[in-house]
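Asks: Here it is, the structure, as structure tokens.
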Amino acid sequence: MIDPNHNPVIGYVLLYKNYHVICPHAQSFDPVFHSKQQALQAAAQYGRQADVHKVGELWLEGTFGVVLYDEGDLMFDGLTAKGFVEALKKRGMLPDRKAARRIDPTVTEPKYSCRALFGDIRYNGKIALGQSRETMGKE
């Protein structure tokens with residue numbers, strides 16, 4: 001059964017004081033990690049520990065905002081990518097099969113594109129929008 005309320009934490013992001021996502025110097029992607037510890041280790045690797053104000057949770061619906069409304073992208077490590085694909089399926093969406101098959105859950109670097117994994121933006125976007133309207137009416 002499809003659960004339109006399924007909205008798990010997908011991963012963790014490093015945040016500045018102004019709540020913008022921290023990425024490696026000279027890079028423009030938003031990295032997402034499977035655990036808070038991995039995110040903090042990445043900050044150390046980037047040499048950005050001093051910039052970290054908070055390690056924030058990224059919820060499934062937060063990824064919809066980035067992909068559908070901001071037309072941006074997030075980069076996931078392997079476990080995060082795998083969890084994202086499973087969460088999409090629980091919402092009745094169809095993630096991109098080819099991209100999903102290429103996921104290696106042992107990869108700890110942010111390598112997998114949320115946008116590529118999301119699949120058909122129009123199809124899955126309609127489902128997300130319909131579910132958000134459905135759940136709003138229940139409040």
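Simple scheme: letters A, B, ... for chains in structure tokens order, numbers from 1 for residues in each chain, numbers from 1 for ligands in the order shown.
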Please provide as a list in words all residues within 7 Å of range 55-59 of chain A, with the sequence filter that same-chain residues fewer than 2 positions apart are discarded (counting only C-alpha atoms).
Replies: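 Using only C-alpha atoms, the neighbours found are Asn7, Pro8, Val9, Ile10, Gly11, Tyr12, Val13, Leu14, Leu15, Lys36, Glu61, Gly62 and Thr63 of chain A.
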Asks: Counting only C-alpha atoms, what is within 12 Å of Arg122 in chain A, bar same-chain residues fewer than 4 positions away, as JSON, numbers by chain?
Replies: {"A": [64, 67, 68, 69, 93, 94, 95, 118, 126, 127, 128, 129]}
Asks: Hey, which of A:Leu79, A:Val85, A:Ala100, A:Leu117 ends up closest to Gln38 in chain A? Count only C-alpha atoms.
Replies: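 Checking each of A:Leu79, A:Val85, A:Ala100, A:Leu117 against Gln38 in chain A, counting only C-alpha atoms, the winner is A:Leu79.
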Asks: Set the distance at 9 Å and use only C-alpha atoms: which residues neighbour range 104-107 of chain A once local chain neighbours fewer than 2 positions away are removed? I'd like the list as a JSON list (two decimals) with N, CA, C and O atoms, in the first residue's frame.
Replies:
```
[["chain", "number", "residue", "atom", "x", "y", "z"],
["A", 77, "ASP", "N", 25.62, 9.87, -0.82],
["A", 77, "ASP", "CA", 26.53, 8.73, -0.71],
["A", 77, "ASP", "C", 25.69, 7.48, -1.02],
["A", 77, "ASP", "O", 24.48, 7.57, -1.26],
["A", 78, "GLY", "N", 26.32, 6.31, -1.02],
["A", 78, "GLY", "CA", 25.63, 5.09, -1.45],
["A", 78, "GLY", "C", 24.44, 4.70, -0.60],
["A", 78, "GLY", "O", 23.36, 4.39, -1.13],
["A", 79, "LEU", "N", 24.59, 4.70, 0.73],
["A", 79, "LEU", "CA", 23.47, 4.30, 1.60],
["A", 79, "LEU", "C", 22.32, 5.30, 1.53],
["A", 79, "LEU", "O", 21.16, 4.92, 1.57],
["A", 80, "THR", "N", 22.67, 6.57, 1.43],
["A", 80, "THR", "CA", 21.63, 7.59, 1.30],
["A", 80, "THR", "C", 20.87, 7.41, -0.01],
["A", 80, "THR", "O", 19.64, 7.49, -0.03],
["A", 81, "ALA", "N", 21.58, 7.16, -1.09],
["A", 81, "ALA", "CA", 20.95, 6.95, -2.39],
["A", 81, "ALA", "C", 20.01, 5.75, -2.35],
["A", 81, "ALA", "O", 18.88, 5.81, -2.85],
["A", 82, "LYS", "N", 20.45, 4.68, -1.73],
["A", 82, "LYS", "CA", 19.64, 3.48, -1.63],
["A", 82, "LYS", "C", 18.37, 3.75, -0.83],
["A", 82, "LYS", "O", 17.27, 3.37, -1.21],
["A", 101, "ARG", "N", 20.14, 0.96, -10.15],
["A", 101, "ARG", "CA", 20.94, -0.27, -10.24],
["A", 101, "ARG", "C", 22.44, -0.01, -10.07],
["A", 101, "ARG", "O", 23.19, -0.89, -9.67],
["A", 102, "ARG", "N", 22.87, 1.21, -10.37],
["A", 102, "ARG", "CA", 24.29, 1.55, -10.27],
["A", 102, "ARG", "C", 24.73, 1.92, -8.86],
["A", 102, "ARG", "O", 25.91, 2.16, -8.62],
["A", 109, "GLU", "N", 31.40, 8.65, -0.46],
["A", 109, "GLU", "CA", 31.46, 10.00, -1.02],
["A", 109, "GLU", "C", 30.11, 10.35, -1.66],
["A", 109, "GLU", "O", 29.42, 9.48, -2.16],
["A", 110, "PRO", "N", 29.76, 11.63, -1.67],
["A", 110, "PRO", "CA", 28.52, 12.05, -2.32],
["A", 110, "PRO", "C", 28.67, 11.97, -3.84],
["A", 110, "PRO", "O", 29.21, 12.88, -4.46],
["A", 111, "LYS", "N", 28.21, 10.89, -4.42],
["A", 111, "LYS", "CA", 28.45, 10.58, -5.83],
["A", 111, "LYS", "C", 27.17, 10.43, -6.64],
["A", 111, "LYS", "O", 27.18, 10.53, -7.86]]
```
Asks: I'd like to know which of A:Ser35, A:Asp30, A:Arg48, A:Ala42 is closest to Arg115 in chain A, using only C-alpha atoms.
Replies: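 Of all the options, A:Asp30 lies closest to Arg115 in chain A.
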Asks: Quick one: of A:Ser113, A:Thr108, A:Gln45, A:Asn124, who's nearest to Leu88 in chain A, counting only C-alpha atoms?
Replies: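 Looking at the shortest contact to Leu88 in chain A, the residue is A:Asn124.
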Asks: Considering only alpha helix (DSSP H) as DSSP defines it on the backbone, what residues of range 60-125 of chain A qualify? List them as a PyMOL selection string.
Replies: chain A and resi 60-64+78-90+97-101+114-118+121-125
Asks: Give the answer as one residue: which of A:Asp120, A:Asp73, A:Asp3, A:Asp51 has the shortest atom-to-atom distance to Arg91 in chain A, using only C-alpha atoms?
Replies: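 Between A:Asp120, A:Asp73, A:Asp3, A:Asp51, the residue approaching Arg91 in chain A most closely is A:Asp3.
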Asks: Name all residues at most 8 Å from Ile2 in chain A (count only C-alpha atoms; drop same-chain ones fewer than 2 positions away) and give them as JSON, numbers by chain.
Replies: {"A": [4, 90, 91, 92]}
Asks: Of the residues A:Ala50, A:Ala99, A:Cys114, A:Ile121, which is the one nearest to Tyr16 in chain A, using only C-alpha atoms?
Replies: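 Of all the options, A:Ala50 lies closest to Tyr16 in chain A.
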Asks: For CA of Leu40 in chain A and CA of Val66 in chain A, quote the distance in Å rounded to one decimal.
Replies: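 Spanning CA of Leu40 in chain A to CA of Val66 in chain A is a straight-line distance of 22.2 Å.
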Asks: Mind giving me the straight-line distance from CA of Pro24 in chain A to CA of Leu74 in chain A in Å, one decimal?
Replies: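 Interatomic distance here is 13.3 Å.
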Asks: Expressed in Å to a single decimal, how great is the separation between CA of Gln37 in chain A and CA of Asp70 in chain A?
Replies: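 Between CA of Gln37 in chain A and CA of Asp70 in chain A the gap works out to 27.5 Å.
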